[in-house]
file input05.pdb (PDB, C-alpha atoms and all ligand atoms)
ATOM      1  CA  MET A1452     107.450 133.526 121.413
ATOM      2  CA  ILE A1453     109.531 130.898 119.667
ATOM      3  CA  SER A1454     107.748 128.445 117.367
ATOM      4  CA  LEU A1455     109.250 125.410 115.720
ATOM      5  CA  VAL A1456     107.566 124.367 112.483
ATOM      6  CA  ALA A1457     108.424 120.817 111.429
ATOM      7  CA  GLY A1458     107.736 120.626 107.711
ATOM      8  CA  GLY A1459     108.148 124.388 107.495
ATOM      9  CA  ALA A1460     109.484 124.294 103.919
ATOM     10  CA  GLY A1461     106.378 122.503 102.653
ATOM     11  CA  PHE A1462     103.240 123.946 101.119
ATOM     12  CA  ILE A1463     101.247 124.636 104.298
ATOM     13  CA  GLY A1464     104.350 124.852 106.527
ATOM     14  CA  SER A1465     105.922 127.705 104.577
ATOM     15  CA  HIS A1466     102.718 129.758 104.757
ATOM     16  CA  LEU A1467     102.610 129.091 108.493
ATOM     17  CA  CYS A1468     106.244 130.250 108.974
ATOM     18  CA  GLU A1469     105.393 133.426 107.058
ATOM     19  CA  ARG A1470     102.343 134.106 109.218
ATOM     20  CA  LEU A1471     104.211 133.515 112.503
ATOM     21  CA  LEU A1472     106.989 135.888 111.426
ATOM     22  CA  LYS A1473     104.315 138.496 110.614
ATOM     23  CA  ASP A1474     102.989 137.960 114.133
ATOM     24  CA  LYS A1475     106.511 138.868 115.364
ATOM     25  CA  GLU A1476     107.397 135.376 116.530
ATOM     26  CA  GLU A1477     110.786 133.738 116.163
ATOM     27  CA  VAL A1478     110.527 130.731 113.873
ATOM     28  CA  ILE A1479     112.696 127.635 113.667
ATOM     29  CA  CYS A1480     111.854 125.782 110.462
ATOM     30  CA  VAL A1481     112.860 122.106 110.450
ATOM     31  CA  ASP A1482     112.528 120.242 107.156
ATOM     32  CA  ASN A1483     114.365 117.468 105.331
ATOM     33  CA  LEU A1484     113.349 118.971 101.959
ATOM     34  CA  GLY A1485     111.800 115.640 100.970
ATOM     35  CA  SER A1486     108.569 117.049  99.554
ATOM     36  CA  GLY A1487     109.213 120.599 100.788
ATOM     37  CA  SER A1488     111.481 122.997  98.947
ATOM     38  CA  PHE A1489     113.992 125.667  99.902
ATOM     39  CA  ASP A1490     112.365 127.875  97.245
ATOM     40  CA  ASN A1491     109.285 128.077  99.479
ATOM     41  CA  ILE A1492     111.263 129.688 102.310
ATOM     42  CA  ARG A1493     114.156 131.459 100.538
ATOM     43  CA  HIS A1494     112.403 134.840 100.974
ATOM     44  CA  LEU A1495     112.105 134.238 104.733
ATOM     45  CA  THR A1496     115.806 133.598 105.299
ATOM     46  CA  LYS A1497     116.483 137.370 105.234
ATOM     47  CA  ASP A1498     114.402 137.765 108.397
ATOM     48  CA  LYS A1499     116.581 137.682 111.535
ATOM     49  CA  ASN A1500     113.775 135.886 113.380
ATOM     50  CA  PHE A1501     113.860 132.954 110.943
ATOM     51  CA  LYS A1502     116.162 129.981 111.235
ATOM     52  CA  PHE A1503     116.214 126.944 108.929
ATOM     53  CA  ILE A1504     117.518 123.547 110.029
ATOM     54  CA  GLU A1505     117.690 120.759 107.454
ATOM     55  CA  HIS A1506     116.753 117.665 109.406
ATOM     56  CA  ASN A1507     114.500 114.629 109.151
ATOM     57  CA  ILE A1508     112.310 114.384 112.267
ATOM     58  CA  ILE A1509     112.537 110.594 112.040
ATOM     59  CA  GLU A1510     115.939 111.187 113.675
ATOM     60  CA  PRO A1511     116.098 112.625 117.223
ATOM     61  CA  LEU A1512     116.085 116.423 117.406
ATOM     62  CA  ARG A1513     119.180 116.899 119.565
ATOM     63  CA  LEU A1514     120.323 119.955 117.671
ATOM     64  CA  ILE A1515     117.532 122.255 118.827
ATOM     65  CA  GLU A1516     119.124 124.544 121.404
ATOM     66  CA  GLY A1517     117.455 127.121 123.619
ATOM     67  CA  ARG A1518     113.846 127.932 124.280
ATOM     68  CA  VAL A1519     110.926 126.612 122.224
ATOM     69  CA  ASP A1520     107.355 127.551 123.194
ATOM     70  CA  LYS A1521     105.259 125.957 120.466
ATOM     71  CA  ILE A1522     105.810 123.105 118.039
ATOM     72  CA  TYR A1523     103.744 122.606 114.890
ATOM     73  CA  HIS A1524     104.068 119.162 113.268
ATOM     74  CA  LEU A1525     103.397 119.425 109.533
ATOM     75  CA  ALA A1526     106.272 117.207 108.458
ATOM     76  CA  SER A1527     104.655 114.562 106.280
ATOM     77  CA  ARG A1528     104.107 113.973 102.624
ATOM     78  CA  ALA A1529     100.389 114.476 101.991
ATOM     79  CA  SER A1530      99.828 113.778  98.312
ATOM     80  CA  PRO A1531      98.550 110.223  97.752
ATOM     81  CA  ILE A1532     100.873 109.704  94.764
ATOM     82  CA  ASP A1533     103.795 111.045  96.740
ATOM     83  CA  TYR A1534     103.252 109.122  99.967
ATOM     84  CA  GLN A1535     102.580 105.893  98.083
ATOM     85  CA  LYS A1536     106.018 106.331  96.509
ATOM     86  CA  TYR A1537     107.601 106.804  99.960
ATOM     87  CA  PRO A1538     105.343 104.730 102.247
ATOM     88  CA  VAL A1539     107.950 103.888 104.908
ATOM     89  CA  GLU A1540     109.191 107.448 105.226
ATOM     90  CA  THR A1541     105.575 108.651 105.473
ATOM     91  CA  ALA A1542     104.590 106.070 108.090
ATOM     92  CA  LEU A1543     107.648 106.976 110.171
ATOM     93  CA  ALA A1544     107.241 110.756 109.875
ATOM     94  CA  ASN A1545     103.826 110.549 111.536
ATOM     95  CA  SER A1546     104.768 107.934 114.146
ATOM     96  CA  VAL A1547     108.470 108.091 115.066
ATOM     97  CA  GLY A1548     108.555 111.738 113.949
ATOM     98  CA  THR A1549     105.626 112.572 116.236
ATOM     99  CA  HIS A1550     107.357 110.722 119.071
ATOM    100  CA  ASN A1551     110.572 112.703 118.545
ATOM    101  CA  LEU A1552     108.663 115.983 118.525
ATOM    102  CA  ALA A1553     106.744 114.950 121.663
ATOM    103  CA  LYS A1554     110.037 114.271 123.453
ATOM    104  CA  LEU A1555     111.334 117.646 122.336
ATOM    105  CA  ALA A1556     108.120 119.340 123.497
ATOM    106  CA  ILE A1557     108.428 117.748 126.924
ATOM    107  CA  SER A1558     112.078 118.749 127.288
ATOM    108  CA  LYS A1559     111.240 122.354 126.312
ATOM    109  CA  ASN A1560     107.898 122.492 128.125
ATOM    110  CA  ALA A1561     106.350 123.458 124.780
ATOM    111  CA  LYS A1562     102.888 122.940 123.299
ATOM    112  CA  LEU A1563     102.674 120.486 120.399
ATOM    113  CA  LEU A1564     100.124 120.731 117.589
ATOM    114  CA  PHE A1565      99.811 117.650 115.368
ATOM    115  CA  THR A1566      98.273 117.960 111.924
ATOM    116  CA  SER A1567      96.240 114.837 111.369
ATOM    117  CA  THR A1568      94.026 114.394 108.347
ATOM    118  CA  SER A1569      90.557 113.892 106.956
ATOM    119  CA  GLU A1570      91.976 110.567 105.752
ATOM    120  CA  ALA A1571      91.631 109.396 109.337
ATOM    121  CA  TYR A1572      87.962 108.911 108.338
ATOM    122  CA  GLY A1573      88.900 106.682 105.373
ATOM    123  CA  GLU A1574      85.960 105.785 103.118
ATOM    124  CA  PRO A1575      83.418 107.526 105.359
ATOM    125  CA  ARG A1576      80.097 105.967 106.258
ATOM    126  CA  GLU A1577      79.015 109.235 107.894
ATOM    127  CA  HIS A1578      78.620 112.371 105.866
ATOM    128  CA  PRO A1579      79.684 115.073 106.562
ATOM    129  CA  GLN A1580      82.387 113.850 108.910
ATOM    130  CA  LYS A1581      82.207 114.882 112.549
ATOM    131  CA  GLU A1582      85.155 114.451 114.916
ATOM    132  CA  SER A1583      83.142 111.863 116.842
ATOM    133  CA  TYR A1584      83.141 109.526 113.801
ATOM    134  CA  TRP A1585      85.799 106.808 114.179
ATOM    135  CA  GLY A1586      86.299 106.276 110.487
ATOM    136  CA  ASN A1587      86.454 103.416 108.031
ATOM    137  CA  VAL A1588      90.105 102.892 107.122
ATOM    138  CA  ASN A1589      91.732  99.996 105.285
ATOM    139  CA  PRO A1590      94.643  99.238 107.650
ATOM    140  CA  VAL A1591      96.664  97.394 105.002
ATOM    141  CA  GLY A1592      95.642  99.398 101.925
ATOM    142  CA  ILE A1593      97.917 101.576  99.817
ATOM    143  CA  ARG A1594      96.851 104.679 101.752
ATOM    144  CA  SER A1595      97.463 103.091 105.151
ATOM    145  CA  CYS A1596     101.060 104.367 105.417
ATOM    146  CA  TYR A1597      99.474 107.799 105.646
ATOM    147  CA  ASP A1598      96.083 107.418 107.279
ATOM    148  CA  GLU A1599      97.046 104.790 109.839
ATOM    149  CA  SER A1600     100.220 106.660 110.811
ATOM    150  CA  LYS A1601      98.191 109.847 111.272
ATOM    151  CA  ARG A1602      95.748 107.868 113.428
ATOM    152  CA  PHE A1603      98.674 106.481 115.414
ATOM    153  CA  GLY A1604     100.080 110.020 115.797
ATOM    154  CA  GLU A1605      96.755 111.085 117.315
ATOM    155  CA  ALA A1606      96.714 108.055 119.623
ATOM    156  CA  LEU A1607     100.322 108.614 120.711
ATOM    157  CA  LEU A1608      99.673 112.228 121.635
ATOM    158  CA  MET A1609      96.523 111.280 123.544
ATOM    159  CA  ALA A1610      98.694 108.804 125.459
ATOM    160  CA  TYR A1611     101.233 111.567 126.229
ATOM    161  CA  TYR A1612      98.383 113.798 127.329
ATOM    162  CA  ARG A1613      96.854 111.148 129.599
ATOM    163  CA  GLU A1614     100.120 109.933 131.105
ATOM    164  CA  TYR A1615     102.120 113.190 131.353
ATOM    165  CA  GLY A1616      99.454 115.901 131.066
ATOM    166  CA  MET A1617     101.279 117.134 127.992
ATOM    167  CA  ASN A1618      99.909 120.241 126.245
ATOM    168  CA  ILE A1619      98.802 118.776 122.897
ATOM    169  CA  LYS A1620      96.551 119.862 120.078
ATOM    170  CA  ILE A1621      95.190 117.679 117.273
ATOM    171  CA  VAL A1622      93.650 119.009 114.069
ATOM    172  CA  ARG A1623      92.344 117.037 111.105
ATOM    173  CA  ILE A1624      93.151 118.910 107.936
ATOM    174  CA  PHE A1625      90.829 118.465 104.945
ATOM    175  CA  ASN A1626      91.933 119.113 101.346
ATOM    176  CA  THR A1627      93.820 122.395 101.226
ATOM    177  CA  TYR A1628      95.091 124.254  98.159
ATOM    178  CA  GLY A1629      96.899 127.429  97.219
ATOM    179  CA  PRO A1630     100.178 128.860  95.985
ATOM    180  CA  ARG A1631     103.311 126.745  96.662
ATOM    181  CA  MET A1632     101.638 123.423  96.027
ATOM    182  CA  ARG A1633     104.114 121.469  93.952
ATOM    183  CA  ILE A1634     103.393 121.471  90.251
ATOM    184  CA  ASP A1635     104.120 117.719  90.056
ATOM    185  CA  ASP A1636     102.518 116.949  93.391
ATOM    186  CA  GLY A1637      99.929 114.680  91.751
ATOM    187  CA  ARG A1638      96.974 116.076  93.657
ATOM    188  CA  VAL A1639      93.850 117.172  91.893
ATOM    189  CA  ILE A1640      94.199 120.978  92.051
ATOM    190  CA  PRO A1641      97.801 121.191  90.719
ATOM    191  CA  ASN A1642      97.007 118.545  88.087
ATOM    192  CA  PHE A1643      93.858 120.230  86.797
ATOM    193  CA  ILE A1644      95.392 123.725  86.793
ATOM    194  CA  THR A1645      98.583 122.757  84.971
ATOM    195  CA  GLN A1646      96.663 120.626  82.468
ATOM    196  CA  ALA A1647      94.194 123.475  81.854
ATOM    197  CA  LEU A1648      96.931 126.094  81.475
ATOM    198  CA  GLU A1649      98.724 123.920  78.921
ATOM    199  CA  ASN A1650      95.458 123.022  77.102
ATOM    200  CA  LYS A1651      96.238 119.359  77.738
ATOM    201  CA  PRO A1652      93.551 116.803  78.636
ATOM    202  CA  ILE A1653      92.218 117.161  82.176
ATOM    203  CA  THR A1654      92.570 113.763  83.865
ATOM    204  CA  ILE A1655      89.427 112.840  85.756
ATOM    205  CA  TYR A1656      89.810 109.682  87.804
ATOM    206  CA  GLY A1657      86.832 107.325  87.915
ATOM    207  CA  ASN A1658      83.506 108.856  86.901
ATOM    208  CA  GLY A1659      84.443 112.202  88.496
ATOM    209  CA  LYS A1660      81.418 112.123  90.791
ATOM    210  CA  GLN A1661      83.548 111.672  93.910
ATOM    211  CA  THR A1662      83.598 114.796  96.079
ATOM    212  CA  ARG A1663      86.130 116.815  98.022
ATOM    213  CA  SER A1664      85.834 120.072  99.960
ATOM    214  CA  PHE A1665      88.692 122.492  99.317
ATOM    215  CA  CYS A1666      90.063 125.006 101.814
ATOM    216  CA  TYR A1667      92.257 127.931 100.765
ATOM    217  CA  VAL A1668      95.624 127.909 102.503
ATOM    218  CA  ASP A1669      95.218 131.323 104.241
ATOM    219  CA  ASP A1670      92.062 130.073 105.952
ATOM    220  CA  MET A1671      93.855 126.895 107.012
ATOM    221  CA  ILE A1672      96.749 128.863 108.538
ATOM    222  CA  ASP A1673      94.284 130.974 110.482
ATOM    223  CA  GLY A1674      92.694 127.797 111.864
ATOM    224  CA  LEU A1675      96.050 126.285 112.841
ATOM    225  CA  VAL A1676      97.124 129.423 114.704
ATOM    226  CA  LYS A1677      93.752 129.726 116.451
ATOM    227  CA  MET A1678      93.970 126.093 117.555
ATOM    228  CA  MET A1679      97.490 126.570 118.922
ATOM    229  CA  GLU A1680      96.408 129.641 120.881
ATOM    230  CA  SER A1681      93.249 127.964 122.240
ATOM    231  CA  LYS A1682      92.778 125.767 125.286
ATOM    232  CA  GLU A1683      91.439 122.971 123.071
ATOM    233  CA  ILE A1684      93.018 119.535 122.757
ATOM    234  CA  GLY A1685      90.970 118.370 119.804
ATOM    235  CA  PRO A1686      90.692 116.645 117.527
ATOM    236  CA  LYS A1687      89.179 119.487 115.525
ATOM    237  CA  ASN A1688      88.301 119.349 111.839
ATOM    238  CA  LEU A1689      89.757 122.205 109.791
ATOM    239  CA  GLY A1690      88.520 122.545 106.231
ATOM    240  CA  ASN A1691      86.017 124.261 103.994
ATOM    241  CA  PRO A1692      82.628 122.501 104.093
ATOM    242  CA  LYS A1693      81.673 123.527 100.533
ATOM    243  CA  GLU A1694      81.707 120.255  98.590
ATOM    244  CA  TYR A1695      82.428 119.761  94.877
ATOM    245  CA  THR A1696      82.547 116.774  92.559
ATOM    246  CA  MET A1697      85.759 116.405  90.561
ATOM    247  CA  ILE A1698      83.818 117.175  87.371
ATOM    248  CA  GLU A1699      82.549 120.432  88.900
ATOM    249  CA  THR A1700      86.101 121.226  90.015
ATOM    250  CA  ALA A1701      87.455 120.595  86.517
ATOM    251  CA  ASN A1702      84.751 122.774  84.943
ATOM    252  CA  ILE A1703      85.462 125.695  87.277
ATOM    253  CA  ILE A1704      89.204 125.493  86.607
ATOM    254  CA  LYS A1705      88.618 125.198  82.869
ATOM    255  CA  ARG A1706      86.440 128.323  82.915
ATOM    256  CA  LEU A1707      88.817 130.384  85.093
ATOM    257  CA  THR A1708      91.813 129.534  82.904
ATOM    258  CA  LYS A1709      89.829 129.957  79.648
ATOM    259  CA  SER A1710      91.242 126.583  78.695
ATOM    260  CA  LYS A1711      90.490 124.486  75.646
ATOM    261  CA  SER A1712      91.306 121.253  77.477
ATOM    262  CA  GLU A1713      89.073 118.227  77.094
ATOM    263  CA  PHE A1714      88.312 115.785  79.881
ATOM    264  CA  ILE A1715      89.710 112.264  79.824
ATOM    265  CA  TYR A1716      88.564 109.602  82.248
ATOM    266  CA  ASN A1717      91.263 107.463  83.881
ATOM    267  CA  GLU A1718      90.963 104.581  86.291
ATOM    268  CA  LEU A1719      89.983 105.504  89.864
ATOM    269  CA  PRO A1720      92.947 104.886  92.215
ATOM    270  CA  LYS A1721      92.463 102.170  94.803
ATOM    271  CA  ASP A1722      90.871 103.150  98.128
ATOM    272  CA  ASP A1723      90.041 106.616  96.777
ATOM    273  CA  PRO A1724      87.283 107.955  99.083
ATOM    274  CA  THR A1725      83.995 108.610  97.262
ATOM    275  CA  LYS A1726      83.110 111.636  99.358
ATOM    276  CA  ARG A1727      84.629 113.978 101.881
ATOM    277  CA  GLN A1728      83.213 117.001 103.667
ATOM    278  CA  PRO A1729      84.118 118.341 107.085
ATOM    279  CA  ASP A1730      81.612 119.169 109.772
ATOM    280  CA  ILE A1731      83.320 122.221 111.268
ATOM    281  CA  SER A1732      80.789 123.081 113.995
ATOM    282  CA  LYS A1733      83.374 122.388 116.692
ATOM    283  CA  ALA A1734      85.991 124.702 115.159
ATOM    284  CA  MET A1735      83.304 127.354 114.703
ATOM    285  CA  GLU A1736      82.166 127.065 118.312
ATOM    286  CA  PHE A1737      85.462 126.560 120.145
ATOM    287  CA  LEU A1738      87.932 128.422 117.900
ATOM    288  CA  SER A1739      85.563 131.038 116.403
ATOM    289  CA  TRP A1740      86.986 129.916 113.060
ATOM    290  CA  GLU A1741      85.464 129.361 109.685
ATOM    291  CA  PRO A1742      86.883 129.686 106.157
ATOM    292  CA  LYS A1743      86.392 133.050 104.453
ATOM    293  CA  VAL A1744      87.878 132.576 100.966
ATOM    294  CA  ASN A1745      85.459 131.215  98.370
ATOM    295  CA  PHE A1746      86.660 128.549  95.930
ATOM    296  CA  GLU A1747      86.839 130.737  92.828
ATOM    297  CA  ASP A1748      88.794 133.528  94.562
ATOM    298  CA  GLY A1749      91.248 131.014  96.016
ATOM    299  CA  LEU A1750      91.584 129.285  92.674
ATOM    300  CA  LYS A1751      92.337 132.567  90.891
ATOM    301  CA  LYS A1752      95.287 133.189  93.237
ATOM    302  CA  THR A1753      96.464 129.613  92.826
ATOM    303  CA  ILE A1754      96.194 129.802  89.038
ATOM    304  CA  GLU A1755      98.344 132.976  89.041
ATOM    305  CA  TYR A1756     101.007 131.105  91.006
ATOM    306  CA  PHE A1757     100.904 128.120  88.667
ATOM    307  CA  LYS A1758     101.131 130.351  85.589
ATOM    308  CA  GLY A1759     104.596 131.365  86.798
ATOM    309  CA  ARG A1760     105.618 127.764  87.489
ATOM    310  CA  VAL A1761     104.327 126.404  84.164
ATOM    311  CA  ASN A1762     106.289 129.114  82.285
ATOM    312  CA  GLU A1763     109.446 128.304  84.278
ATOM    313  CA  SER A1764     109.214 124.582  83.524
ATOM    314  CA  SER A1765     108.444 124.987  79.798
TER     315      SER A1765
HETATM  316  N1  LIG A1801      91.805 113.224  91.016
HETATM  317  C1  LIG A1801      91.392 113.311  89.677
HETATM  318  N2  LIG A1801      92.335 113.639  88.749
HETATM  319  C2  LIG A1801      93.628 113.923  89.061
HETATM  320  C3  LIG A1801      94.029 113.840  90.418
HETATM  321  C4  LIG A1801      93.086 113.473  91.360
HETATM  322  O1  LIG A1801      90.222 113.087  89.346
HETATM  323  O2  LIG A1801      94.415 114.227  88.146
HETATM  324  C5  LIG A1801      90.787 112.876  92.035
HETATM  325  C6  LIG A1801      91.192 111.726  92.951
HETATM  326  O3  LIG A1801      90.816 110.481  92.391
HETATM  327  C7  LIG A1801      90.417 112.055  94.216
HETATM  328  C8  LIG A1801      90.324 113.586  94.212
HETATM  329  O4  LIG A1801      90.648 113.974  92.878
HETATM  330  O5  LIG A1801      89.114 111.515  94.153
HETATM  331  C9  LIG A1801      91.300 114.235  95.175
HETATM  332  O6  LIG A1801      92.548 113.633  94.995
HETATM  333  P1  LIG A1801      93.878 114.195  95.620
HETATM  334  O7  LIG A1801      94.999 113.361  95.083
HETATM  335  O8  LIG A1801      93.982 115.672  95.421
HETATM  336  O9  LIG A1801      93.784 113.966  97.193
HETATM  337  P2  LIG A1801      92.887 113.092  98.189
HETATM  338  O10 LIG A1801      91.732 113.952  98.535
HETATM  339  O11 LIG A1801      92.451 111.824  97.499
HETATM  340  O12 LIG A1801      93.782 112.822  99.335
END
call {"tool": "encode", "arguments": {"input": "input05.pdb", "output": "structure tokens", "more": "lines below"}}
Ligand code: UDP
result
Amino acid sequence: MISLVAGGAGFIGSHLCERLLKDKEEVICVDNLGSGSFDNIRHLTKDKNFKFIEHNIIEPLRLIEGRVDKIYHLASRASPIDYQKYPVETALANSVGTHNLAKLAISKNAKLLFTSTSEAYGEPREHPQKESYWGNVNPVGIRSCYDESKRFGEALLMAYYREYGMNIKIVRIFNTYGPRMRIDDGRVIPNFITQALENKPITIYGNGKQTRSFCYVDDMIDGLVKMMESKEIGPKNLGNPKEYTMIETANIIKRLTKSKSEFIYNELPKDDPTKRQPDISKAMEFLSWEPKVNFEDGLKKTIEYFKGRVNESS
């Protein structure tokens, strides 16, 4: 089997490439190294089944020769700070980029899995979020470059499916964490861990009572592969339903790192959802998938990774 992973040098993408190689697949990793990093995939380049192509999927993918059986689209910035800095690039990666990958999939007769997001639900009025919920998204807000382009990506692939019978798969990824998240990524887990390790103030935005549900990366990869191998079209939520407030999250990280950090309260970013928790009954029923790694075990592995990075950068 030959899989193409767009965004394969990113946090989730690099773990996916690794897993597919372990499953004895050939992997073509396509990445423009915008938010991804060659360091994430350097160890894979020794494998004869791994090929890296530096390319931005916003441009047509003419350079992909030969057979491709499966395409995973993970090529988008996903950190709110990051995508708000590059809103046009982000909007295009999920729209034009999805279109380019769909054209490639059709020409290769390949399956295409699109990674949409829990942000498709916006500031949710239903809790937990089921796939049947249409969401509550600000179409012109500062997050819209991301959430509306993900929603468009879903709509575009449904159009391809309805018009051409294309083999598509849509998943909605909820907050995911683990080794290879960027230290300066701006998201809550890397921020809290690096602040705690350096005994610097832990920055809680707003009153810290907003919730997220965090999925360890290995569980996420398992879900992505199961979805690709299933007959399902989706959308399917993939995430860990265990929900934490940001204060609880900070306290757990502080305890696991034995940190002396204090908490400081900063302004809540605009359009920051107050709660988020996936209903994963569909993934459980149709993919026989559910997360296995509990938050503290996943955090311990992530903290070990960040210890190395913090030492390197100091
Ligand atoms: N957050 C925080 N402190 C930080 C970074 C983030 O309290 O240093 C909060 C943020 O306001 C949000 C939650 O943590 O409510 C998750 O933010 P993140 O940027 O990780 O991603 P999101 O889930 O919003 O896409």
call {"tool": "residues_around", "arguments": {"input": "input05.pdb", "residues": "segment 1703-1707 of chain A", "least_positions_apart": "2", "cutoff": "12 Å", "atoms": "all atoms listed in the file", "output": "ChimeraX atom specification"}}
result
/A:1639-1653,1695-1701,1709-1714,1746-1755
call {"tool": "closest_residue", "arguments": {"input": "input05.pdb", "among": "A:Ser1567, A:Asn1688, A:Ser1732, A:Asn1717", "to": "ligand LIG 1801 (chain A)", "atoms": "all atoms listed in the file"}}
result
A:Asn1717
call {"tool": "closest_residue", "arguments": {"input": "input05.pdb", "among": "A:Pro1531, A:Gly1616, A:Pro1742, A:Pro1729", "to": "ligand LIG 1801 (chain A)", "atoms": "only C-alpha atoms and all ligand atoms"}}
result
A:Pro1531
call {"tool": "closest_atom_pairs", "arguments": {"input": "input05.pdb", "of": "chain A", "to": "ligand LIG 1801 (chain A)", "cutoff": "9 Å", "atoms": "all atoms listed in the file", "output": "Markdown table"}}
result
| residue | atom | partner | partner_atom | distance |
| --- | --- | --- | --- | --- |
| A:Ala1529 | CA | A:LIG1801 | O12 | 7.3 |
| A:Ser1530 | CA | A:LIG1801 | O7 | 5.8 |
| A:Pro1531 | CA | A:LIG1801 | O7 | 5.4 |
| A:Ile1532 | CA | A:LIG1801 | O7 | 6.9 |
| A:Ser1569 | CA | A:LIG1801 | O12 | 8.3 |
| A:Glu1570 | CA | A:LIG1801 | O12 | 7.0 |
| A:Phe1625 | CA | A:LIG1801 | O10 | 7.9 |
| A:Asn1626 | CA | A:LIG1801 | O10 | 5.9 |
| A:Thr1627 | CA | A:LIG1801 | O8 | 8.9 |
| A:Asp1636 | CA | A:LIG1801 | O7 | 8.5 |
| A:Gly1637 | CA | A:LIG1801 | O7 | 6.1 |
| A:Arg1638 | CA | A:LIG1801 | O8 | 3.5 |
| A:Val1639 | CA | A:LIG1801 | C3 | 3.6 |
| A:Ile1640 | CA | A:LIG1801 | O8 | 6.3 |
| A:Pro1641 | CA | A:LIG1801 | O2 | 8.2 |
| A:Asn1642 | CA | A:LIG1801 | O2 | 5.0 |
| A:Phe1643 | CA | A:LIG1801 | O2 | 6.2 |
| A:Gln1646 | CA | A:LIG1801 | O2 | 8.8 |
| A:Ile1653 | CA | A:LIG1801 | O2 | 7.0 |
| A:Thr1654 | CA | A:LIG1801 | O2 | 4.7 |
| A:Ile1655 | CA | A:LIG1801 | O1 | 3.7 |
| A:Tyr1656 | CA | A:LIG1801 | O1 | 3.8 |
| A:Gly1657 | CA | A:LIG1801 | O3 | 6.8 |
| A:Asn1658 | CA | A:LIG1801 | O1 | 8.3 |
| A:Gly1659 | CA | A:LIG1801 | O1 | 5.9 |
| A:Lys1660 | CA | A:LIG1801 | O5 | 8.4 |
| A:Gln1661 | CA | A:LIG1801 | O5 | 5.6 |
| A:Thr1662 | CA | A:LIG1801 | O5 | 6.7 |
| A:Arg1663 | CA | A:LIG1801 | O10 | 6.3 |
| A:Ser1664 | CA | A:LIG1801 | O10 | 8.6 |
| A:Thr1696 | CA | A:LIG1801 | O5 | 8.6 |
| A:Met1697 | CA | A:LIG1801 | O1 | 5.7 |
| A:Ile1698 | CA | A:LIG1801 | O1 | 7.9 |
| A:Ala1701 | CA | A:LIG1801 | O1 | 8.5 |
| A:Tyr1716 | CA | A:LIG1801 | O1 | 8.1 |
| A:Asn1717 | CA | A:LIG1801 | O1 | 7.9 |
| A:Glu1718 | CA | A:LIG1801 | O3 | 8.5 |
| A:Leu1719 | CA | A:LIG1801 | O3 | 5.6 |
| A:Pro1720 | CA | A:LIG1801 | O3 | 6.0 |
| A:Lys1721 | CA | A:LIG1801 | O3 | 8.8 |
| A:Asp1722 | CA | A:LIG1801 | O11 | 8.8 |
| A:Asp1723 | CA | A:LIG1801 | O5 | 5.6 |
| A:Pro1724 | CA | A:LIG1801 | O5 | 6.4 |
| A:Thr1725 | CA | A:LIG1801 | O5 | 6.7 |
| A:Lys1726 | CA | A:LIG1801 | O5 | 7.9 |
| A:Arg1727 | CA | A:LIG1801 | O10 | 7.9 |
call {"tool": "residues_near_point", "arguments": {"input": "input05.pdb", "point": "(104.4, 127.2, 108.3)", "cutoff": "10 Å", "atoms": "only C-alpha atoms", "output": "count of residues only"}}
result
29
call {"tool": "residues_around", "arguments": {"input": "input05.pdb", "residues": "Lys1733 of chain A", "least_positions_apart": "5", "cutoff": "12 Å", "atoms": "all atoms listed in the file", "output": "ChimeraX atom specification"}}
result
/A:1580-1583,1622-1623,1674,1678,1683-1690,1738-1741
call {"tool": "closest_residue", "arguments": {"input": "input05.pdb", "among": "A:Leu1514, A:Met1609, A:Ile1624, A:Ala1544", "to": "Arg1528 of chain A", "atoms": "all atoms listed in the file"}}
result
A:Ala1544
call {"tool": "closest_residue", "arguments": {"input": "input05.pdb", "among": "A:Met1632, A:Ile1715, A:Val1744, A:Ile1515", "to": "Lys1559 of chain A", "atoms": "all atoms listed in the file"}}
result
A:Ile1515
call {"tool": "atom_distance", "arguments": {"input": "input05.pdb", "atom1": "atom CA of Ile1522 of chain A", "atom2": "atom CA of Tyr1597 of chain A"}}
result
20.7 Å
call {"tool": "residues_around", "arguments": {"input": "input05.pdb", "residues": "Ile1509 of chain A", "least_positions_apart": "3", "cutoff": "9 Å", "atoms": "all atoms listed in the file", "output": "NGL selection string"}}
result
:A and (1506 or 1512 or 1540 or 1543-1551)
call {"tool": "residues_around", "arguments": {"input": "input05.pdb", "residues": "segment 1589-1593 of chain A", "least_positions_apart": "6", "cutoff": "12 Å", "atoms": "only C-alpha atoms", "output": "short mmCIF file (atom, residue, chain, number, x, y, z; two decimals) with C-alpha atoms, keeping the file's coordinate frame"}}
result
data_model
loop_
_atom_site.label_atom_id
_atom_site.label_comp_id
_atom_site.auth_asym_id
_atom_site.auth_seq_id
_atom_site.Cartn_x
_atom_site.Cartn_y
_atom_site.Cartn_z
CA PRO A 1531 98.55 110.22 97.75
CA ILE A 1532 100.87 109.70 94.76
CA ASP A 1533 103.80 111.04 96.74
CA TYR A 1534 103.25 109.12 99.97
CA GLN A 1535 102.58 105.89 98.08
CA LYS A 1536 106.02 106.33 96.51
CA TYR A 1537 107.60 106.80 99.96
CA PRO A 1538 105.34 104.73 102.25
CA VAL A 1539 107.95 103.89 104.91
CA THR A 1541 105.58 108.65 105.47
CA ALA A 1542 104.59 106.07 108.09
CA GLU A 1570 91.98 110.57 105.75
CA ALA A 1571 91.63 109.40 109.34
CA TYR A 1572 87.96 108.91 108.34
CA GLY A 1573 88.90 106.68 105.37
CA GLU A 1574 85.96 105.78 103.12
CA PRO A 1575 83.42 107.53 105.36
CA GLU A 1599 97.05 104.79 109.84
CA SER A 1600 100.22 106.66 110.81
CA LYS A 1601 98.19 109.85 111.27
CA ARG A 1602 95.75 107.87 113.43
CA PHE A 1603 98.67 106.48 115.41
CA PRO A 1720 92.95 104.89 92.22
CA LYS A 1721 92.46 102.17 94.80
CA ASP A 1722 90.87 103.15 98.13
CA ASP A 1723 90.04 106.62 96.78
CA PRO A 1724 87.28 107.96 99.08
#
